[in-house]
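Structure file final_22.txt with compact mmCIF, C-alpha atoms and all ligand atoms:
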```txt
# COMPACT_ATOMS: atom_id res chain seq x y z
CA MET A 131 -13.35 232.75 225.51
CA SER A 132 -13.97 229.45 227.26
CA THR A 133 -17.18 228.92 229.15
CA ARG A 134 -17.72 225.78 231.20
CA PRO A 135 -21.09 225.23 232.86
CA ASP A 136 -21.52 223.02 235.93
CA SER A 137 -24.50 222.44 238.16
CA THR A 138 -23.84 222.87 241.87
CA ARG A 139 -27.41 222.61 243.00
CA PRO A 140 -27.60 221.39 246.62
CA GLU A 141 -29.71 218.36 247.54
CA SER A 142 -33.27 219.55 248.18
CA PRO A 143 -36.48 217.50 248.09
CA GLU A 144 -38.95 218.56 245.37
CA GLY A 145 -41.57 221.03 246.49
CA THR A 146 -39.76 222.34 249.56
CA ARG A 147 -38.19 225.32 247.84
CA PRO A 148 -39.28 228.55 249.48
CA GLU A 149 -40.91 231.20 247.34
CA SER A 150 -38.61 233.99 246.19
CA PRO A 151 -38.66 236.99 248.52
CA GLU A 152 -40.73 239.96 247.42
CA GLY A 153 -37.75 242.12 246.46
CA THR A 154 -36.27 239.58 244.02
CA ARG A 155 -35.21 241.12 240.71
CA THR A 156 -35.81 239.35 237.44
CA THR A 157 -32.99 241.14 235.61
CA PRO A 158 -29.31 240.20 236.06
CA VAL A 159 -27.11 242.02 238.59
CA THR A 160 -23.42 242.58 237.78
CA VAL A 161 -20.82 243.44 240.42
CA ARG A 162 -17.32 244.67 239.60
CA VAL A 163 -14.61 243.78 242.13
CA PRO A 164 -10.88 244.63 242.35
CA ALA A 165 -7.68 242.62 242.80
CA LYS A 166 -5.33 243.51 245.66
CA VAL A 167 -1.65 243.90 246.33
CA ASN A 168 -0.21 243.71 249.86
CA VAL A 169 2.07 246.70 250.39
CA GLN A 170 3.02 245.30 253.78
CA LEU A 171 2.51 241.68 254.75
CA ALA A 172 3.91 241.03 258.23
CA VAL A 173 3.39 237.40 259.26
CA GLY A 174 3.45 236.08 262.83
CA ALA A 175 3.99 232.52 264.04
CA ALA A 176 1.47 229.79 263.19
CA ARG A 177 -1.56 229.83 265.53
CA PRO A 178 -3.09 226.69 267.05
CA ASP A 179 -5.86 226.85 264.40
CA GLY A 180 -3.25 226.73 261.60
CA PHE A 181 -3.70 230.36 260.56
CA HIS A 182 -1.08 233.08 261.09
CA ASP A 183 -1.71 236.46 262.67
CA LEU A 184 -0.96 239.20 260.16
CA ALA A 185 -0.42 242.92 259.82
CA ASN A 186 -1.68 242.98 256.25
CA VAL A 187 -1.80 246.37 254.52
CA PHE A 188 -4.12 245.78 251.56
CA LEU A 189 -4.35 248.05 248.54
CA ALA A 190 -7.06 247.49 245.92
CA VAL A 191 -5.82 247.91 242.33
CA SER A 192 -7.69 248.66 239.11
CA LEU A 193 -7.66 245.10 237.79
CA PHE A 194 -11.22 243.80 238.01
CA ASP A 195 -13.34 240.66 237.79
CA GLU A 196 -17.08 240.97 237.13
CA VAL A 197 -19.66 238.56 238.54
CA THR A 198 -23.18 238.53 237.07
CA ALA A 199 -26.02 236.90 239.03
CA THR A 200 -29.10 235.82 237.03
CA PRO A 201 -32.22 234.03 238.36
CA ALA A 202 -32.02 230.31 237.45
CA ASP A 203 -33.50 226.90 238.33
CA ALA A 204 -30.32 225.83 240.14
CA LEU A 205 -27.00 227.16 241.36
CA THR A 206 -24.63 227.10 238.38
CA VAL A 207 -21.29 228.79 237.66
CA THR A 208 -19.61 229.66 234.36
CA CYS A 209 -16.38 231.53 233.77
CA GLU A 210 -14.79 233.31 230.82
CA GLY A 211 -11.30 234.70 230.43
CA PRO A 212 -7.76 233.55 229.66
CA ASP A 213 -7.48 231.53 232.92
CA ALA A 214 -11.06 230.18 232.87
CA ASP A 215 -9.90 226.56 232.66
CA LYS A 216 -8.15 226.95 236.05
CA VAL A 217 -11.29 228.13 237.87
CA PRO A 218 -13.34 225.45 239.65
CA LEU A 219 -17.03 225.57 238.68
CA ASP A 220 -18.39 223.39 241.46
CA ARG A 221 -19.34 224.28 245.03
CA THR A 222 -15.70 225.00 245.92
CA ASN A 223 -15.87 228.16 243.79
CA LEU A 224 -15.98 231.00 246.30
CA ALA A 225 -18.74 232.70 244.29
CA ALA A 226 -20.94 229.58 244.62
CA ARG A 227 -20.11 229.27 248.32
CA ALA A 228 -21.08 232.91 248.89
CA ALA A 229 -24.46 232.36 247.21
CA GLU A 230 -25.08 229.21 249.27
CA ILE A 231 -24.22 230.84 252.59
CA LEU A 232 -26.32 233.94 251.89
CA ALA A 233 -29.30 231.86 250.72
CA ALA A 234 -29.09 229.56 253.77
CA ARG A 235 -29.11 232.59 256.10
CA ALA A 236 -32.19 233.97 254.32
CA GLY A 237 -33.96 230.58 254.24
CA LEU A 238 -33.88 230.44 250.43
CA ASP A 239 -32.63 227.99 247.83
CA PRO A 240 -29.71 229.54 245.90
CA LEU A 241 -31.50 229.60 242.55
CA VAL A 242 -28.95 231.66 240.68
CA HIS A 243 -26.58 231.44 237.76
CA LEU A 244 -23.23 233.12 238.45
CA HIS A 245 -21.08 234.13 235.50
CA ILE A 246 -17.52 235.23 236.24
CA ALA A 247 -15.66 237.45 233.76
CA LYS A 248 -12.15 236.65 234.99
CA HIS A 249 -9.33 239.14 234.54
CA ILE A 250 -7.51 238.67 237.87
CA PRO A 251 -4.74 236.03 237.63
CA VAL A 252 -5.81 232.70 239.19
CA ALA A 253 -3.85 231.46 242.24
CA GLY A 254 -1.63 234.50 241.74
CA GLY A 255 -1.60 236.18 245.16
CA MET A 256 -4.04 238.88 244.00
CA ALA A 257 -7.13 237.52 245.80
CA GLY A 258 -9.09 236.69 242.63
CA GLY A 259 -11.18 233.95 244.24
CA SER A 260 -11.83 236.17 247.26
CA ALA A 261 -12.89 238.95 244.90
CA ASP A 262 -15.42 236.67 243.19
CA GLY A 263 -16.77 235.54 246.58
CA ALA A 264 -17.36 239.13 247.69
CA ALA A 265 -18.83 240.06 244.29
CA ALA A 266 -21.24 237.10 244.24
CA LEU A 267 -22.36 237.91 247.78
CA LEU A 268 -23.21 241.49 246.87
CA ALA A 269 -24.78 240.47 243.53
CA CYS A 270 -27.04 237.84 245.16
CA ASP A 271 -27.95 240.16 248.02
CA THR A 272 -29.04 242.73 245.43
CA LEU A 273 -30.76 240.17 243.15
CA TRP A 274 -32.75 238.70 246.05
CA GLY A 275 -33.56 242.15 247.52
CA LEU A 276 -32.26 241.11 250.94
CA ASN A 277 -30.55 244.37 251.97
CA THR A 278 -28.35 242.44 254.39
CA PRO A 279 -26.62 244.87 256.77
CA ARG A 280 -22.99 245.60 255.86
CA GLU A 281 -21.69 244.07 259.13
CA GLU A 282 -23.45 240.78 258.32
CA LEU A 283 -22.06 240.78 254.78
CA LEU A 284 -18.59 241.28 256.28
CA ASP A 285 -19.17 238.33 258.66
CA ILE A 286 -20.08 236.11 255.70
CA CYS A 287 -16.98 237.36 253.87
CA ALA A 288 -14.78 236.40 256.84
CA GLU A 289 -16.39 232.94 256.84
CA LEU A 290 -15.49 232.58 253.15
CA GLY A 291 -11.80 233.48 253.61
CA SER A 292 -9.31 235.83 255.25
CA ASP A 293 -9.00 238.12 252.20
CA VAL A 294 -12.71 238.28 251.30
CA PRO A 295 -13.76 241.18 253.61
CA PHE A 296 -11.18 243.41 251.94
CA SER A 297 -12.49 242.54 248.47
CA LEU A 298 -15.90 243.85 249.55
CA VAL A 299 -14.48 247.04 251.07
CA GLY A 300 -11.64 247.90 248.66
CA GLY A 301 -9.60 251.11 248.88
CA ALA A 302 -6.78 250.66 251.38
CA ALA A 303 -7.01 248.92 254.75
CA LEU A 304 -4.97 247.27 257.49
CA GLY A 305 -6.05 243.67 258.06
CA THR A 306 -5.26 242.17 261.46
CA GLY A 307 -6.18 238.82 263.03
CA ARG A 308 -5.82 236.43 260.06
CA GLY A 309 -6.38 239.49 257.82
CA GLU A 310 -10.17 239.65 258.18
CA VAL A 311 -10.37 242.44 260.81
CA LEU A 312 -10.18 245.63 258.76
CA THR A 313 -9.28 249.20 259.64
CA PRO A 314 -9.38 251.67 256.73
CA VAL A 315 -6.14 253.55 256.08
CA THR A 316 -5.45 256.59 253.91
CA ALA A 317 -3.78 256.09 250.55
CA GLY A 318 -2.68 258.51 247.85
CA SER A 319 -2.70 257.33 244.26
CA PHE A 320 0.02 255.00 242.90
CA HIS A 321 0.84 253.22 239.63
CA TRP A 322 1.70 249.54 239.32
CA VAL A 323 2.81 246.90 236.87
CA PHE A 324 1.98 243.24 237.57
CA ALA A 325 3.87 240.34 235.99
CA VAL A 326 1.72 237.23 235.72
CA ALA A 327 3.68 233.99 236.19
CA ASP A 328 3.15 230.64 234.54
CA GLY A 329 1.07 228.53 236.94
CA GLY A 330 -0.07 229.42 240.44
CA LEU A 331 1.21 228.95 243.99
CA SER A 332 -0.92 227.42 246.74
CA THR A 333 -1.45 229.89 249.61
CA PRO A 334 -1.31 227.16 252.33
CA ALA A 335 1.89 225.79 250.77
CA VAL A 336 3.52 229.24 250.89
CA PHE A 337 2.53 229.68 254.56
CA ARG A 338 3.94 226.18 255.29
CA GLU A 339 7.19 227.17 253.59
CA PHE A 340 7.24 230.36 255.71
CA ASP A 341 6.95 228.11 258.81
CA ARG A 342 9.78 225.89 257.58
CA LEU A 343 12.08 228.83 256.81
CA THR A 344 11.41 230.49 260.19
CA ALA A 345 11.44 227.29 262.28
CA ASP A 346 14.66 228.25 264.08
CA ALA A 347 13.88 231.98 264.42
CA ALA A 348 11.81 233.90 266.96
CA VAL A 349 8.95 235.23 264.81
CA PRO A 350 7.91 238.66 266.16
CA GLU A 351 4.29 239.81 266.57
CA PRO A 352 3.23 241.33 263.25
CA GLN A 353 3.01 245.13 263.41
CA ALA A 354 1.96 247.65 260.78
CA SER A 355 4.90 249.91 259.89
CA PRO A 356 4.24 253.59 260.76
CA ALA A 357 6.70 254.65 258.01
CA LEU A 358 4.80 252.59 255.43
CA LEU A 359 1.41 253.97 256.50
CA ALA A 360 2.78 257.53 256.29
CA ALA A 361 4.24 256.86 252.83
CA LEU A 362 0.97 255.32 251.66
CA ALA A 363 -0.95 258.39 252.82
CA SER A 364 1.54 260.80 251.24
CA GLY A 365 1.08 259.50 247.68
CA ASP A 366 4.88 259.72 247.25
CA PRO A 367 5.91 256.61 245.27
CA GLU A 368 9.58 256.86 246.25
CA ALA A 369 8.68 256.92 249.94
CA LEU A 370 6.34 253.95 249.51
CA ALA A 371 8.98 252.08 247.48
CA ALA A 372 11.41 252.36 250.40
CA THR A 373 8.96 250.77 252.84
CA LEU A 374 7.24 247.92 250.90
CA ALA A 375 7.67 244.58 252.71
CA ASN A 376 6.34 241.05 252.25
CA ASP A 377 7.32 238.40 254.82
CA LEU A 378 5.99 235.68 252.45
CA GLN A 379 8.40 236.70 249.69
CA PRO A 380 11.30 234.41 250.81
CA ALA A 381 8.86 231.49 250.98
CA ALA A 382 7.42 232.24 247.53
CA LEU A 383 10.95 232.57 246.09
CA SER A 384 12.00 229.34 247.77
CA LEU A 385 9.10 227.50 246.09
CA ARG A 386 9.50 229.37 242.77
CA PRO A 387 13.16 230.53 242.41
CA SER A 388 12.50 231.77 238.85
CA LEU A 389 10.58 234.75 240.29
CA ARG A 390 13.95 236.33 241.19
CA ALA A 391 14.64 236.89 237.47
CA THR A 392 11.25 238.61 237.04
CA LEU A 393 11.88 240.89 240.04
CA ASP A 394 15.34 241.76 238.69
CA ALA A 395 14.00 242.46 235.16
CA GLY A 396 11.39 244.91 236.49
CA ALA A 397 13.91 246.66 238.75
CA ALA A 398 16.40 246.95 235.87
CA ALA A 399 13.67 248.54 233.72
CA GLY A 400 13.20 251.36 236.21
CA ALA A 401 10.60 250.15 238.72
CA LEU A 402 10.94 252.00 242.03
CA ALA A 403 10.34 248.73 243.91
CA ALA A 404 9.69 245.09 243.05
CA LEU A 405 8.02 242.52 245.29
CA VAL A 406 5.98 239.35 245.26
CA SER A 407 2.24 240.05 245.52
CA GLY A 408 1.00 238.30 248.69
CA SER A 409 1.70 234.56 248.45
CA GLY A 410 2.66 234.95 244.75
CA PRO A 411 3.59 234.06 242.14
CA THR A 412 2.39 237.35 240.58
CA THR A 413 5.10 240.00 241.04
CA ALA A 414 4.26 243.67 241.61
CA PHE A 415 6.28 246.69 240.48
CA LEU A 416 5.69 250.17 241.90
CA VAL A 417 6.39 252.86 239.29
CA ALA A 418 6.44 256.65 239.25
CA ASP A 419 3.62 257.27 236.75
CA GLU A 420 1.69 255.84 233.77
CA GLU A 421 4.57 256.46 231.38
CA ALA A 422 6.95 254.49 233.59
CA ALA A 423 4.31 251.75 233.88
CA ALA A 424 4.20 251.33 230.09
CA LYS A 425 8.01 251.22 229.90
CA VAL A 426 8.42 248.67 232.70
CA ALA A 427 5.59 246.50 231.32
CA ALA A 428 7.21 246.49 227.85
CA ALA A 429 10.59 245.53 229.31
CA LEU A 430 9.06 242.73 231.38
CA ASP A 431 7.15 241.45 228.32
CA ALA A 432 10.40 241.41 226.34
CA SER A 433 12.39 239.76 229.16
CA GLY A 434 10.77 236.35 228.78
CA THR A 435 10.56 236.08 232.60
CA CYS A 436 6.75 236.20 232.85
CA ARG A 437 3.63 235.07 230.99
CA ALA A 438 1.92 238.48 230.71
CA THR A 439 1.88 241.95 232.25
CA ARG A 440 -0.91 244.25 233.43
CA THR A 441 -0.75 247.91 234.42
CA ALA A 442 -3.03 249.30 237.12
CA SER A 443 -3.51 252.16 239.53
CA SER A 444 -4.53 252.28 243.18
CA PRO A 445 -6.55 252.66 245.28
CA ALA A 446 -9.60 251.13 243.55
CA PRO A 447 -13.13 250.91 244.97
CA GLY A 448 -14.39 247.66 246.50
CA ALA A 449 -17.18 245.45 245.15
CA THR A 450 -19.67 247.70 243.32
CA VAL A 451 -23.03 246.96 241.69
CA LEU A 452 -22.88 248.20 238.08
CA PRO A 453 -25.85 250.10 236.68
CA SER A 454 -28.09 247.71 234.71
C1 LIG B 1 -1.61 235.47 251.64
C2 LIG B 1 -2.83 236.37 251.49
C3 LIG B 1 -2.38 237.82 251.75
O1 LIG B 1 -3.45 238.73 251.58
O2 LIG B 1 -3.46 236.31 250.23
P1 LIG B 1 -2.98 235.73 248.80
O3 LIG B 1 -1.68 236.41 248.51
O4 LIG B 1 -2.84 234.25 248.91
O5 LIG B 1 -4.05 236.15 247.81
C4 LIG B 1 -3.92 235.96 252.51
O6 LIG B 1 -3.43 235.96 253.81
C5 LIG B 1 -4.57 234.64 252.19
O7 LIG B 1 -5.92 234.79 252.39
P2 LIG B 1 -7.00 233.75 251.79
O8 LIG B 1 -6.57 233.33 250.43
O9 LIG B 1 -8.35 234.35 251.96
O10 LIG B 1 -6.77 232.52 252.73
P3 LIG B 1 -7.80 231.59 253.53
O11 LIG B 1 -8.73 230.98 252.54
O12 LIG B 1 -8.38 232.31 254.69
O13 LIG B 1 -6.80 230.48 254.08
C6 LIG B 1 -6.18 229.55 253.23
C7 LIG B 1 -5.00 228.95 253.97
O14 LIG B 1 -3.93 229.91 254.01
C8 LIG B 1 -3.26 229.86 255.27
N1 LIG B 1 -3.42 231.15 255.96
C9 LIG B 1 -4.27 232.11 255.48
C10 LIG B 1 -4.40 233.32 256.13
C11 LIG B 1 -3.66 233.52 257.31
N2 LIG B 1 -3.75 234.66 258.00
N3 LIG B 1 -2.83 232.56 257.78
C12 LIG B 1 -2.69 231.38 257.10
O15 LIG B 1 -1.92 230.50 257.53
C13 LIG B 1 -3.89 228.71 256.02
O16 LIG B 1 -3.14 227.55 255.71
C14 LIG B 1 -5.28 228.60 255.41
O17 LIG B 1 -5.82 227.30 255.52
N1 LIG B 2 -13.78 232.30 241.78
C1 LIG B 2 -12.56 231.75 241.84
N2 LIG B 2 -11.57 232.22 241.07
C2 LIG B 2 -10.34 231.67 241.14
N3 LIG B 2 -10.00 230.65 241.93
C3 LIG B 2 -10.95 230.15 242.74
C4 LIG B 2 -12.25 230.69 242.72
N4 LIG B 2 -12.97 230.03 243.65
C5 LIG B 2 -12.15 229.13 244.21
N5 LIG B 2 -10.92 229.18 243.67
C6 LIG B 2 -9.76 228.34 244.08
O1 LIG B 2 -8.89 229.18 244.85
C7 LIG B 2 -7.52 228.95 244.52
C8 LIG B 2 -6.75 230.24 244.77
O2 LIG B 2 -7.10 231.17 243.74
P1 LIG B 2 -7.02 232.76 243.87
O3 LIG B 2 -8.01 233.25 244.84
O4 LIG B 2 -7.14 233.25 242.45
O5 LIG B 2 -5.53 232.97 244.33
P2 LIG B 2 -4.82 233.62 245.58
O6 LIG B 2 -5.37 232.95 246.83
O7 LIG B 2 -3.37 233.32 245.36
O8 LIG B 2 -5.09 235.08 245.54
C9 LIG B 2 -7.57 228.49 243.06
O9 LIG B 2 -6.51 227.65 242.73
C10 LIG B 2 -8.91 227.78 242.95
O10 LIG B 2 -8.75 226.40 243.19
```

Show me the file's structure as structure tokens.
Ligand SMILES: C[C@@](CO)(OP(=O)(O)O)[C@H](O)COP(=O)(O)OP(=O)(O)OC[C@H]1O[C@@H](n2ccc(N)nc2=O)[C@H](O)[C@@H]1O
Ligand SMILES: Nc1ncnc2c1ncn2[C@@H]1O[C@H](COP(=O)(O)OP(=O)(O)O)[C@@H](O)[C@H]1O
Amino acid sequence: MSTRPDSTRPESPEGTRPESPEGTRTTPVTVRVPAKVNVQLAVGAARPDGFHDLANVFLAVSLFDEVTATPADALTVTCEGPDADKVPLDRTNLAARAAEILAARAGLDPLVHLHIAKHIPVAGGMAGGSADGAAALLACDTLWGLNTPREELLDICAELGSDVPFSLVGGAALGTGRGEVLTPVTAGSFHWVFAVADGGLSTPAVFREFDRLTADAAVPEPQASPALLAALASGDPEALAATLANDLQPAALSLRPSLRATLDAGAAAGALAALVSGSGPTTAFLVADEEAAAKVAAALDASGTCRATRTASSPAPGATVLPS
């Protein structure tokens, strides 16, 4: 375990700190939050603001981070887990940003220590940072007894990033706009294997590569696929396997050609479908059941084409306060 502390306390003159609100808890609050895979990621042309319109069918999977919020004298962040050294501990950490935004709205100083137990691959296309942002928001809201209405929490999530609202909500949902406008969709249960790659991929860089690769093409308006939504609802893995689609996959493969070998190794081991998770470089393998998951994970581990594997099921619940 590596744990790196860092103070991110904002500038604030002595003596101006507001009193804690009446509902503030003195005991820590822990929130569990899932990773995601995009079962459909349809990407439109770049918008004037630099974002891309999406039809983003999110599915939460049972691979979780936990964020614990504890009263403190200043805003600090620590992280434990195999990728802890890749997680920023300053104000750019989405968990710290969530605490700052919520505190500012409530007229408080963010006097909280946030500890992240990190299991979601970092910069892996599984929305780990977004997950921690949503988890910290819910943990601080609970710690400070604010009872912020759900719609306001979702607004703060959208301010934090396009994927963050889904991390709060979990389950399965269609994200439109830049991915932040959510409509719940029905999903049966599915089994997955994830292959974690060495190193991450930058999401903006993958979108830029998408723009480069599609520069001479007419990029259609992104639309959710009715066949995919029906397959997702049916719980039939073979039907879902036939409809999975990720428009960012060619861009991720262009930036990281070695991912092709990982996709091929999983497919050869019996995965029903293999695709890049979001902007990558984590690769996702849809399998028939738990037994197939164990077999595909073992084959991927033995293939030498990835750093580690994880098995998971879907859908998983969104950010949830754990009993203390
Ligand atoms: C691609 C997706 C698929 O779910 O996730 P990842 O696979 O990276 O986890 C998301 O769209 C990532 O969402 P998120 O990571 O929250 O991105 P943001 O912080 O909002 O934006 C980071 C940058 O990504 C690009 N971006 C993001 C979303 C979007 N609809 N269009 C974009 O072009 C922009 O360059 C933006 O400046
Ligand atoms: N809590 C966090 N966990 C991981 N990365 C974070 C966090 N907060 C900010 N980041 C930054 O976000 C970048 C993207 O990380 P992440 O959200 O894990 O990947 P992705 O956007 O591919 O799903 C990281 O490289 C890191 O600089």

Next on the checklist: Counting only C-alpha atoms and all ligand atoms, what are the residues, protein, DNA or RNA alike, that approach ligand LIG 2 (chain B) to within 8 Å? I want them as number ranges by chain.
Outcome noted: A: 216-219, 222-225, 246, 248, 250-263, 330-333, 408-411

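One finds atom CA of A:Arg386 at 28.6 Å from atom CA of A:Asp220.
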
Checklist entry - So which residues are close to (-21.5, 236.4, 244.2), meaning at most 7 Å away in the file's coordinates with all atoms listed in the file counted, and can you show them as a PyMOL selection string? => result chain A and resi 197+199+225-226+228-229+244+262-270

Item to check | Residues within 9 Å of ligand LIG 1 (chain B), counting only C-alpha atoms and all ligand atoms, as a ChimeraX atom specification | outcome: /A:165-168,171,173-174,176-177,179-184,186-188,253-260,288-295,305-310,331-338,378,406-412

Checklist entry - Contacts of stretch 388-390 of chain A at 9 Å or less, counting all atoms listed in the file, minus same-chain residues fewer than 3 places along, as a PyMOL selection string? => result chain A and resi 327+382-383+393-395+406+411-413+435-436

Test item: axis-aligned box, all listed atoms of stretch 244-262 of chain A, 4 Å on each side, centre and edges in Å rounded to one decimal, as JSON:
```
{"center_x": -12.4, "center_y": 235.3, "center_z": 240.5, "size_x": 29.6, "size_y": 15.7, "size_z": 21.5}
```

Next on the checklist: I'd like to know which of A:Leu304, A:Leu189, A:Leu273, A:Leu416 is closest to A:Ala172, using only C-alpha atoms.
Outcome noted: A:Leu304

Checklist entry - Which distance in Å separates atom CA of A:Asn277 and atom CA of A:Gly153, to one decimal? => result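 Taking atom CA of A:Asn277 and atom CA of A:Gly153, their separation equals 9.3 Å.
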
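Between atom CA of A:Asp431 and atom CA of A:Ala372 the interatomic distance comes to 25.0 Å.
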
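Using all atoms listed in the file, the nearest neighbour of A:Glu339 within the list A:Leu312, A:Ser319, A:Asp366, A:Ser384 is A:Ser384.
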
Checklist entry - Restricting the calculation to all atoms listed in the file, which member of A:Val417, A:Thr200, A:Pro445, A:Asp271 is positioned closest to A:Ala303? => result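 Distance minimum relative to A:Ala303 lands on A:Pro445.
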
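The smallest atom-to-atom distance between A:Gln353 and any of A:Val299, A:Ala371, A:Leu452, A:Ala185, using only C-alpha atoms, is found for A:Ala185.
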
Next on the checklist: For a cutoff of 12 Å around the file-coordinate point (3.8, 246.4, 230.3), which residues qualify once you count only C-alpha atoms? I'd like the result as number ranges by chain.
Outcome noted: A: 321-326, 395-396, 399, 401, 414-415, 417, 420-433, 436-442

Checklist entry - When distances are computed from all atoms listed in the file, which of A:Val169, A:Thr344, A:Gly329, A:Ala418 shows the smallest separation from A:Thr373? => result A:Val169

Item to check | Which of A:Thr156, A:Ser364, A:Thr206, A:Gln379 sits closest to A:Arg221 [using all atoms listed in the file] | outcome: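 Using all atoms listed in the file, the shortest distance to A:Arg221 belongs to A:Thr206.
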